[in-house]
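Engineer: Next comes the structure file coords05.txt, holding compact mmCIF, C-alpha atoms and all ligand atoms.
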# COMPACT_ATOMS: atom_id res chain seq x y z
CA GLU W 1 48.13 1.96 10.67
CA SER W 2 45.31 4.25 9.71
CA THR W 3 47.08 7.46 8.69
CA LEU W 4 49.95 8.24 6.35
CA GLY W 5 52.10 9.75 9.07
CA ALA W 6 51.66 6.85 11.47
CA ALA W 7 52.25 4.32 8.71
CA ALA W 8 55.47 6.03 7.64
CA ALA W 9 56.61 6.21 11.26
CA GLN W 10 56.59 2.41 11.47
CA SER W 11 59.82 2.47 9.47
CA GLY W 12 61.17 5.64 11.09
CA ARG W 13 60.10 7.82 8.19
CA TYR W 14 57.74 10.78 7.95
CA PHE W 15 54.89 11.61 5.59
CA GLY W 16 54.43 15.31 4.94
CA THR W 17 52.49 17.87 2.99
CA ALA W 18 52.80 21.46 1.87
CA ILE W 19 50.63 23.85 3.84
CA ALA W 20 49.41 27.30 2.73
CA ALA W 21 48.92 29.82 5.55
CA GLY W 22 45.86 31.22 3.80
CA LYS W 23 44.06 27.90 4.12
CA LEU W 24 44.56 27.39 7.85
CA GLY W 25 41.06 28.78 8.42
CA ASP W 26 39.54 26.02 6.28
CA SER W 27 38.60 23.30 8.75
CA ALA W 28 38.10 20.65 6.08
CA TYR W 29 41.70 21.32 5.02
CA THR W 30 43.22 21.42 8.49
CA THR W 31 41.31 18.33 9.63
CA ILE W 32 42.86 16.20 6.90
CA ALA W 33 46.28 17.81 7.19
CA ASN W 34 46.40 17.38 10.94
CA ARG W 35 45.18 13.79 10.84
CA GLU W 36 47.36 12.43 8.05
CA PHE W 37 50.70 14.23 7.98
CA ASN W 38 53.58 14.63 10.42
CA MET W 39 56.00 16.82 8.43
CA ILE W 40 55.07 20.26 7.12
CA THR W 41 56.55 22.45 4.39
CA ALA W 42 55.32 26.01 3.94
CA GLU W 43 54.15 26.14 0.34
CA ASN W 44 55.30 29.76 -0.16
CA GLU W 45 55.65 31.44 3.24
CA MET W 46 59.35 30.83 3.90
CA LYS W 47 60.50 31.78 0.42
CA ILE W 48 62.72 34.80 -0.19
CA ASN W 49 59.98 37.18 -1.32
CA ALA W 50 57.89 36.28 1.75
CA THR W 51 60.62 36.49 4.39
CA GLU W 52 62.63 39.49 3.12
CA PRO W 53 60.21 41.59 1.06
CA ASN W 54 62.45 44.63 1.50
CA GLN W 55 66.17 44.26 1.86
CA ASN W 56 67.13 43.72 5.48
CA GLN W 57 63.51 43.90 6.63
CA PHE W 58 62.60 40.37 7.50
CA ASN W 59 58.97 39.32 7.87
CA PHE W 60 58.13 35.98 9.40
CA THR W 61 54.40 36.54 9.94
CA ALA W 62 53.15 34.04 7.40
CA GLY W 63 56.05 31.64 7.87
CA ASP W 64 55.43 31.59 11.60
CA ARG W 65 51.74 30.95 11.03
CA VAL W 66 52.60 27.73 9.20
CA TYR W 67 55.40 26.86 11.61
CA ASN W 68 53.23 27.39 14.70
CA TRP W 69 50.32 25.42 13.29
CA ALA W 70 52.68 22.52 12.58
CA VAL W 71 54.41 22.52 15.95
CA GLN W 72 51.21 23.06 17.93
CA ASN W 73 49.91 19.94 16.23
CA GLY W 74 53.02 17.90 16.97
CA LYS W 75 54.58 18.01 13.52
CA ARG W 76 58.09 18.75 12.33
CA VAL W 77 58.91 21.34 9.67
CA ARG W 78 61.02 21.37 6.51
CA GLY W 79 62.33 24.81 5.60
CA HIS W 80 61.78 25.87 2.00
CA THR W 81 63.81 27.66 0.57
CA LEU W 82 66.78 30.01 1.09
CA ALA W 83 68.51 30.51 -2.27
CA TRP W 84 66.51 30.23 -5.50
CA HIS W 85 66.24 32.03 -8.83
CA SER W 86 62.44 32.19 -8.49
CA GLN W 87 60.14 34.04 -6.10
CA GLN W 88 62.86 36.55 -5.34
CA PRO W 89 61.68 39.95 -4.14
CA GLY W 90 62.08 42.74 -6.67
CA TRP W 91 65.06 44.23 -4.87
CA MET W 92 66.95 40.95 -5.15
CA GLU W 93 65.97 40.36 -8.77
CA ALA W 94 67.56 43.72 -9.52
CA MET W 95 70.87 42.79 -7.86
CA SER W 96 73.99 41.17 -9.25
CA GLY W 97 77.60 40.44 -8.49
CA ALA W 98 79.20 40.86 -5.08
CA PRO W 99 76.31 42.77 -3.53
CA LEU W 100 73.89 39.98 -4.52
CA ARG W 101 76.27 37.37 -3.10
CA GLN W 102 76.32 39.28 0.17
CA ALA W 103 72.54 39.69 0.12
CA MET W 104 72.16 35.94 -0.32
CA ILE W 105 74.43 35.30 2.66
CA ASN W 106 72.56 37.88 4.72
CA HIS W 107 69.23 36.32 3.77
CA ILE W 108 70.33 32.82 4.76
CA ASN W 109 71.59 34.12 8.09
CA GLY W 110 68.45 36.14 8.77
CA VAL W 111 65.97 33.36 8.07
CA MET W 112 67.95 30.52 9.59
CA ASN W 113 68.62 32.54 12.72
CA HIS W 114 64.89 33.16 13.20
CA TYR W 115 64.15 29.44 12.95
CA LYS W 116 67.38 28.28 14.58
CA GLY W 117 67.05 24.82 16.13
CA LYS W 118 63.47 24.46 14.92
CA ILE W 119 63.77 23.05 11.41
CA TYR W 120 64.32 19.41 10.51
CA ALA W 121 65.86 20.17 7.13
CA TRP W 122 66.34 23.28 5.01
CA ASP W 123 66.20 23.35 1.23
CA VAL W 124 69.25 25.61 1.20
CA VAL W 125 69.47 25.82 -2.58
CA ASN W 126 66.56 25.13 -4.92
CA GLU W 127 66.59 24.38 -8.66
CA ALA W 128 70.11 25.51 -9.55
CA PHE W 129 70.54 23.27 -12.61
CA ASP W 130 69.40 23.63 -16.20
CA ASP W 131 66.82 21.43 -17.82
CA GLY W 132 67.79 19.58 -20.95
CA ASN W 133 70.90 17.63 -21.78
CA SER W 134 73.68 20.05 -20.93
CA GLY W 135 74.09 19.23 -17.26
CA ALA W 136 74.93 22.90 -16.84
CA ARG W 137 73.97 25.23 -14.08
CA ARG W 138 70.85 27.29 -14.62
CA ASN W 139 71.64 30.81 -15.76
CA SER W 140 70.43 33.06 -12.93
CA ASN W 141 71.52 36.16 -11.13
CA LEU W 142 72.84 33.93 -8.35
CA GLN W 143 74.80 31.75 -10.78
CA ARG W 144 76.33 34.85 -12.33
CA THR W 145 77.82 35.80 -8.96
CA GLY W 146 80.21 32.86 -9.48
CA ASN W 147 79.99 29.09 -9.68
CA ASP W 148 80.81 28.73 -6.00
CA TRP W 149 77.53 30.35 -4.91
CA ILE W 150 76.01 27.00 -3.99
CA GLU W 151 78.81 25.93 -1.70
CA VAL W 152 78.89 29.39 -0.13
CA ALA W 153 75.17 29.02 0.60
CA PHE W 154 75.72 25.63 2.25
CA ARG W 155 78.68 26.80 4.34
CA THR W 156 76.70 29.84 5.47
CA ALA W 157 73.74 27.63 6.35
CA ARG W 158 75.81 25.18 8.40
CA ALA W 159 77.23 28.00 10.49
CA ALA W 160 73.81 29.64 10.94
CA ASP W 161 72.03 26.52 12.27
CA PRO W 162 74.17 23.45 12.85
CA ALA W 163 71.06 21.48 13.96
CA ALA W 164 69.28 21.59 10.61
CA LYS W 165 69.92 19.09 7.87
CA LEU W 166 71.00 20.95 4.74
CA CYS W 167 69.44 19.84 1.45
CA TYR W 168 69.89 20.54 -2.22
CA ASN W 169 66.40 20.37 -3.81
CA ASP W 170 65.42 20.11 -7.48
CA TYR W 171 62.94 18.73 -10.03
CA ASN W 172 63.70 16.46 -12.98
CA ILE W 173 66.50 14.79 -11.04
CA ASP W 174 64.35 11.71 -10.49
CA ASN W 175 65.28 9.86 -13.66
CA TRP W 176 68.75 8.38 -13.26
CA SER W 177 69.42 8.50 -17.02
CA TRP W 178 68.89 12.26 -17.31
CA ALA W 179 71.82 14.64 -17.61
CA LYS W 180 70.40 16.94 -14.94
CA THR W 181 70.32 14.08 -12.44
CA GLN W 182 73.93 13.20 -13.20
CA ALA W 183 74.99 16.83 -12.89
CA VAL W 184 73.46 17.16 -9.43
CA TYR W 185 74.92 13.78 -8.46
CA ASN W 186 78.38 14.98 -9.49
CA MET W 187 77.97 18.18 -7.50
CA VAL W 188 76.98 16.29 -4.36
CA ARG W 189 79.84 13.84 -4.82
CA ASP W 190 82.24 16.77 -5.19
CA PHE W 191 80.80 18.49 -2.09
CA LYS W 192 81.22 15.33 -0.04
CA ALA W 193 84.78 14.88 -1.33
CA ARG W 194 85.76 18.47 -0.48
CA GLY W 195 83.93 18.70 2.83
CA VAL W 196 81.28 21.18 1.73
CA PRO W 197 78.47 20.65 4.26
CA ILE W 198 75.47 18.90 2.69
CA ASP W 199 73.23 16.36 4.40
CA CYS W 200 70.42 15.60 2.00
CA VAL W 201 69.10 15.75 -1.53
CA GLY W 202 65.47 16.65 -2.10
CA LEU W 203 63.84 14.99 -5.09
CA GLN W 204 60.85 17.24 -5.77
CA SER W 205 59.25 14.47 -7.82
CA HIS W 206 56.68 16.40 -9.82
CA PHE W 207 55.66 13.64 -12.22
CA ASN W 208 53.74 14.36 -15.42
CA ASN W 209 53.71 13.30 -19.07
CA ASN W 210 56.91 15.20 -19.88
CA SER W 211 58.78 13.93 -16.83
CA PRO W 212 57.08 10.67 -15.93
CA TYR W 213 57.99 8.32 -13.12
CA ASN W 214 60.64 5.88 -14.30
CA SER W 215 61.50 2.58 -12.63
CA ASN W 216 65.10 3.76 -12.33
CA TYR W 217 63.89 6.15 -9.59
CA ARG W 218 65.04 3.61 -7.01
CA THR W 219 68.52 3.69 -8.53
CA THR W 220 68.52 7.48 -8.29
CA ILE W 221 67.57 7.34 -4.62
CA SER W 222 70.09 4.65 -3.72
CA SER W 223 72.87 6.30 -5.73
CA PHE W 224 72.49 9.62 -3.95
CA ALA W 225 72.25 7.81 -0.62
CA ALA W 226 75.48 5.96 -1.37
CA LEU W 227 77.25 9.33 -1.46
CA GLY W 228 76.47 9.67 2.24
CA VAL W 229 73.44 11.95 2.15
CA ASP W 230 69.82 11.40 3.10
CA VAL W 231 67.25 11.53 0.33
CA GLN W 232 63.85 13.13 0.84
CA ILE W 233 60.97 13.13 -1.60
CA THR W 234 60.00 16.74 -1.11
CA GLU W 235 57.18 17.85 -3.45
CA LEU W 236 55.50 14.72 -4.76
CA ASP W 237 52.57 15.05 -7.11
CA ILE W 238 51.58 12.79 -10.01
CA VAL W 239 49.41 14.27 -12.75
CA GLY W 240 46.52 11.88 -13.26
CA GLY W 241 46.96 10.51 -9.76
CA SER W 242 47.92 6.96 -10.72
CA ALA W 243 47.60 4.71 -7.67
CA THR W 244 50.19 2.35 -9.12
CA THR W 245 52.72 5.11 -9.61
CA TYR W 246 52.15 6.43 -6.10
CA ALA W 247 52.82 2.92 -4.73
CA ASN W 248 55.97 2.63 -6.84
CA VAL W 249 57.30 5.90 -5.40
CA VAL W 250 56.63 4.75 -1.84
CA ASN W 251 58.17 1.33 -2.43
CA ASP W 252 61.28 2.92 -3.95
CA CYS W 253 61.76 5.13 -0.91
CA LEU W 254 61.19 2.26 1.51
CA ALA W 255 63.78 0.20 -0.34
CA VAL W 256 66.55 2.67 0.60
CA PRO W 257 67.31 3.12 4.30
CA ARG W 258 68.50 6.71 3.79
CA CYS W 259 65.27 7.75 2.07
CA THR W 260 63.91 9.37 5.21
CA GLY W 261 60.49 10.67 4.20
CA ILE W 262 57.96 11.69 1.61
CA THR W 263 56.11 15.00 1.26
CA VAL W 264 53.20 15.51 -1.14
CA TRP W 265 52.82 19.02 -2.54
CA GLY W 266 49.37 19.80 -1.18
CA VAL W 267 46.46 18.17 0.62
CA ARG W 268 43.48 17.92 -1.78
CA ASP W 269 43.43 18.05 -5.57
CA SER W 270 41.87 21.49 -5.23
CA ASP W 271 44.93 22.66 -3.26
CA SER W 272 47.42 21.64 -5.94
CA TRP W 273 49.54 24.33 -7.60
CA LEU W 274 48.92 22.41 -10.84
CA GLY W 275 45.15 22.91 -10.66
CA ALA W 276 42.41 20.62 -9.42
CA ASN W 277 41.89 19.15 -12.90
CA THR W 278 45.29 17.46 -12.76
CA THR W 279 44.01 15.21 -9.93
CA ALA W 280 47.61 14.89 -8.80
CA LEU W 281 47.20 14.46 -5.03
CA LEU W 282 45.80 11.93 -2.53
CA PHE W 283 42.47 13.55 -1.57
CA ASP W 284 39.79 14.83 -3.91
CA GLY W 285 38.33 18.29 -3.71
CA ASN W 286 35.73 17.10 -1.21
CA GLY W 287 38.42 15.72 1.05
CA ASN W 288 37.68 12.11 0.22
CA LYS W 289 40.50 9.58 0.10
CA LYS W 290 41.35 8.62 -3.48
CA ALA W 291 42.55 5.26 -4.76
CA ALA W 292 46.05 6.73 -4.68
CA TYR W 293 45.66 7.36 -0.96
CA ASN W 294 44.83 3.72 -0.23
CA SER W 295 47.67 2.63 -2.47
CA VAL W 296 50.17 4.78 -0.55
CA LEU W 297 48.85 3.69 2.83
CA ASN W 298 49.10 0.01 1.85
CA ALA W 299 52.64 0.45 0.57
CA LEU W 300 53.91 2.22 3.68
C1 LIG W 401 54.96 26.57 -6.00
C2 LIG W 401 53.73 26.82 -5.13
O1 LIG W 401 53.07 25.58 -4.95
C3 LIG W 401 52.83 27.82 -5.77
O2 LIG W 401 51.78 28.19 -4.88
C4 LIG W 401 53.60 29.07 -6.18
O3 LIG W 401 52.75 29.93 -6.90
C5 LIG W 401 54.80 28.71 -7.00
O4 LIG W 401 55.60 27.79 -6.30
N1 LIG W 401 59.09 23.81 -7.03
C6 LIG W 401 59.25 24.32 -5.76
C7 LIG W 401 58.07 24.90 -5.07
O5 LIG W 401 60.33 24.23 -5.19
O6 LIG W 401 58.42 25.97 -4.22
C8 LIG W 401 57.02 25.34 -6.05
O7 LIG W 401 55.86 25.75 -5.30
C9 LIG W 401 56.68 24.24 -7.02
C10 LIG W 401 57.90 23.85 -7.82
What would you get if you wrote out this structure as structure tokens?
Ligand code: XIL
Structural biologist:
Amino acid sequence: ESTLGAAAAQSGRYFGTAIAAGKLGDSAYTTIANREFNMITAENEMKINATEPNQNQFNFTAGDRVYNWAVQNGKRVRGHTLAWHSQQPGWMEAMSGAPLRQAMINHINGVMNHYKGKIYAWDVVNEAFDDGNSGARRNSNLQRTGNDWIEVAFRTARAADPAAKLCYNDYNIDNWSWAKTQAVYNMVRDFKARGVPIDCVGLQSHFNNNSPYNSNYRTTISSFAALGVDVQITELDIVGGSATTYANVVNDCLAVPRCTGITVWGVRDSDSWLGANTTALLFDGNGNKKAAYNSVLNAL
């Protein structure tokens, strides 16, 4: 196959990218994105601050721009993200306790209702665990509403759009030996045991010198899958752009039937949230295919 999306489709998987609404007028950008990818995540446009800038006033202008571009070009969409400590609008940052809990529920309902039946998978909860060795939850205004906030978010999401897969998404849960990975694993196992609705785990997979790719990544993927959830690689970028590491990531996903797809977090190096100098993506700033691109295509 000659594109990432078509190559991934040979095994029933997808290959996606993050899209920024503000770049949809850049034809070099859209040409590559349209040609290569068949799953789209809005880089920022479906986040809380974008979709509910004032409480109870939902705004889907930018989110719809990304959604419509994707669907008009025959692509599916991952929803990102409904409950997160970051990129909250000011009104939500200022909230706590029961009113915040209710605002979270209202937000999930408002956004999921707008996109009802249209989203392949939602990152319902993003980045709820602490870094480091504690395995604890991240201290956030949402966490302080009570430890059950995550399951409440998932139950709300299931009722709002039963057609969407519901994912828990996080970074630094790629390395099987890390406490954060084990903590998320234990939460998912508990959710499955108690019937809390969860369908997938998103491994963001932002690899860099502090959190490098480790060969136990395949164990992480297969271990989550064995709990009865899909695994999606949701925000892949590799600082330095190692072609070997990119191939390892692809091979690890392909080795696990329930690893259903891979999304890279941007199109060209110049589109990366980490800065062009990190050369973390598959196309250079001129839109040329990098060695990492060929490595991924060959592995798929
Ligand atoms: C990043 C975007 O790429 C940036 O444009 C924005 O300024 C900050 O957020 N984890 C996530 C993504 O779940 O939403 C983040 O995206 C990157 C880290």
Engineer: Could you list, as a ChimeraX atom specification, all protein and nucleic acid residues with an atom at most 10 Å from ligand LIG 401 (chain W), counting all atoms listed in the file?
Structural biologist: /W:18-20,41-47,80-81,84,86-87,123,125-127,169-171,202-206,234-236,265-266,271-274
Engineer: Could those selected residues go to a file with C-alpha atoms, as a short mmCIF file (atom, residue, chain, number, x, y, z; two decimals), in the frame of the given file?
Structural biologist:
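To be explicit, this is the file written out as selection.cif:
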data_model
loop_
_atom_site.label_atom_id
_atom_site.label_comp_id
_atom_site.auth_asym_id
_atom_site.auth_seq_id
_atom_site.Cartn_x
_atom_site.Cartn_y
_atom_site.Cartn_z
CA ALA W 18 52.80 21.46 1.87
CA ILE W 19 50.63 23.85 3.84
CA ALA W 20 49.41 27.30 2.73
CA THR W 41 56.55 22.45 4.39
CA ALA W 42 55.32 26.01 3.94
CA GLU W 43 54.15 26.14 0.34
CA ASN W 44 55.30 29.76 -0.16
CA GLU W 45 55.65 31.44 3.24
CA MET W 46 59.35 30.83 3.90
CA LYS W 47 60.50 31.78 0.42
CA HIS W 80 61.78 25.87 2.00
CA THR W 81 63.81 27.66 0.57
CA TRP W 84 66.51 30.23 -5.50
CA SER W 86 62.44 32.19 -8.49
CA GLN W 87 60.14 34.04 -6.10
CA ASP W 123 66.20 23.35 1.23
CA VAL W 125 69.47 25.82 -2.58
CA ASN W 126 66.56 25.13 -4.92
CA GLU W 127 66.59 24.38 -8.66
CA ASN W 169 66.40 20.37 -3.81
CA ASP W 170 65.42 20.11 -7.48
CA TYR W 171 62.94 18.73 -10.03
CA GLY W 202 65.47 16.65 -2.10
CA LEU W 203 63.84 14.99 -5.09
CA GLN W 204 60.85 17.24 -5.77
CA SER W 205 59.25 14.47 -7.82
CA HIS W 206 56.68 16.40 -9.82
CA THR W 234 60.00 16.74 -1.11
CA GLU W 235 57.18 17.85 -3.45
CA LEU W 236 55.50 14.72 -4.76
CA TRP W 265 52.82 19.02 -2.54
CA GLY W 266 49.37 19.80 -1.18
CA ASP W 271 44.93 22.66 -3.26
CA SER W 272 47.42 21.64 -5.94
CA TRP W 273 49.54 24.33 -7.60
CA LEU W 274 48.92 22.41 -10.84
#
Engineer: List the spatial neighbours of stretch 153-167 of chain W as a PyMOL selection string - criterion: any atom at most 9 Å away, all atoms listed in the file, same-chain residues fewer than 2 positions off excluded.
Structural biologist: chain W and resi 82-83+104-105+108-110+112-113+115-126+148-151+169+196-202+229-232
Engineer: Which residues are close to stretch 12-15 of chain W, i.e. within 10 Å by only C-alpha atoms, leaving aside same-chain residues fewer than 3 positions away? Reply as a list of chain:residue names.
Structural biologist: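 Close residues of stretch 12-15 of chain W: W:Thr3, W:Leu4, W:Gly5, W:Ala6, W:Ala7, W:Ala8, W:Ala9, W:Glu36, W:Phe37, W:Asn38, W:Met39, W:Ile40, W:Lys75, W:Arg76, W:Gln232, W:Ile233, W:Thr234, W:Cys253, W:Leu254, W:Pro257, W:Arg258, W:Cys259, W:Thr260, W:Gly261, W:Ile262, W:Thr263, W:Val264, W:Leu300.
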Engineer: Set the distance at 12 Å and use all atoms listed in the file: which residues neighbour W:Leu100 once local chain neighbours fewer than 2 positions away are removed? I'd like the list as a PyMOL selection string.
Structural biologist: chain W and resi 55+83+85+88+91-98+102-107+140-146+149
Engineer: Put those residues in a file: C-alpha atoms, as a PDB file, in the coordinates of the input.
Structural biologist:
ATOM      1  CA  GLN W  55      66.170  44.260   1.860  1.00  0.00           C
ATOM      2  CA  ALA W  83      68.510  30.510  -2.270  1.00  0.00           C
ATOM      3  CA  HIS W  85      66.240  32.030  -8.830  1.00  0.00           C
ATOM      4  CA  GLN W  88      62.860  36.550  -5.340  1.00  0.00           C
ATOM      5  CA  TRP W  91      65.060  44.230  -4.870  1.00  0.00           C
ATOM      6  CA  MET W  92      66.950  40.950  -5.150  1.00  0.00           C
ATOM      7  CA  GLU W  93      65.970  40.360  -8.770  1.00  0.00           C
ATOM      8  CA  ALA W  94      67.560  43.720  -9.520  1.00  0.00           C
ATOM      9  CA  MET W  95      70.870  42.790  -7.860  1.00  0.00           C
ATOM     10  CA  SER W  96      73.990  41.170  -9.250  1.00  0.00           C
ATOM     11  CA  GLY W  97      77.600  40.440  -8.490  1.00  0.00           C
ATOM     12  CA  ALA W  98      79.200  40.860  -5.080  1.00  0.00           C
ATOM     13  CA  GLN W 102      76.320  39.280   0.170  1.00  0.00           C
ATOM     14  CA  ALA W 103      72.540  39.690   0.120  1.00  0.00           C
ATOM     15  CA  MET W 104      72.160  35.940  -0.320  1.00  0.00           C
ATOM     16  CA  ILE W 105      74.430  35.300   2.660  1.00  0.00           C
ATOM     17  CA  ASN W 106      72.560  37.880   4.720  1.00  0.00           C
ATOM     18  CA  HIS W 107      69.230  36.320   3.770  1.00  0.00           C
ATOM     19  CA  SER W 140      70.430  33.060 -12.930  1.00  0.00           C
ATOM     20  CA  ASN W 141      71.520  36.160 -11.130  1.00  0.00           C
ATOM     21  CA  LEU W 142      72.840  33.930  -8.350  1.00  0.00           C
ATOM     22  CA  GLN W 143      74.800  31.750 -10.780  1.00  0.00           C
ATOM     23  CA  ARG W 144      76.330  34.850 -12.330  1.00  0.00           C
ATOM     24  CA  THR W 145      77.820  35.800  -8.960  1.00  0.00           C
ATOM     25  CA  GLY W 146      80.210  32.860  -9.480  1.00  0.00           C
ATOM     26  CA  TRP W 149      77.530  30.350  -4.910  1.00  0.00           C
TER      27      TRP W 149
END
Engineer: One number please: atom CA of W:Thr220 to atom CA of W:Gln182, in Å, one decimal.
Structural biologist: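 Pair atom CA of W:Thr220 / atom CA of W:Gln182 returns 9.3 Å.
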Engineer: From the set W:Tyr67, W:Phe60, W:Trp178, W:Phe207, which residue has the shortest atom-to-atom contact distance to W:Gly79, counting only C-alpha atoms?
Structural biologist: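 The shortest atom-to-atom distance to W:Gly79 comes from W:Tyr67.
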Engineer: Quick one: of W:Phe191, W:Leu297, W:Asn216, W:Gly228, who's nearest to W:Ala243, counting all atoms listed in the file?
Structural biologist: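 Comparing W:Phe191, W:Leu297, W:Asn216, W:Gly228 against W:Ala243, the winner is W:Leu297.
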Engineer: Measuring atom to atom with only C-alpha atoms, identify which of W:Pro53, W:Asn73, W:Phe58, W:Gln10 is nearest to W:Pro89.
Structural biologist: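 Of the candidates, the smallest distance to W:Pro89 is held by W:Pro53.
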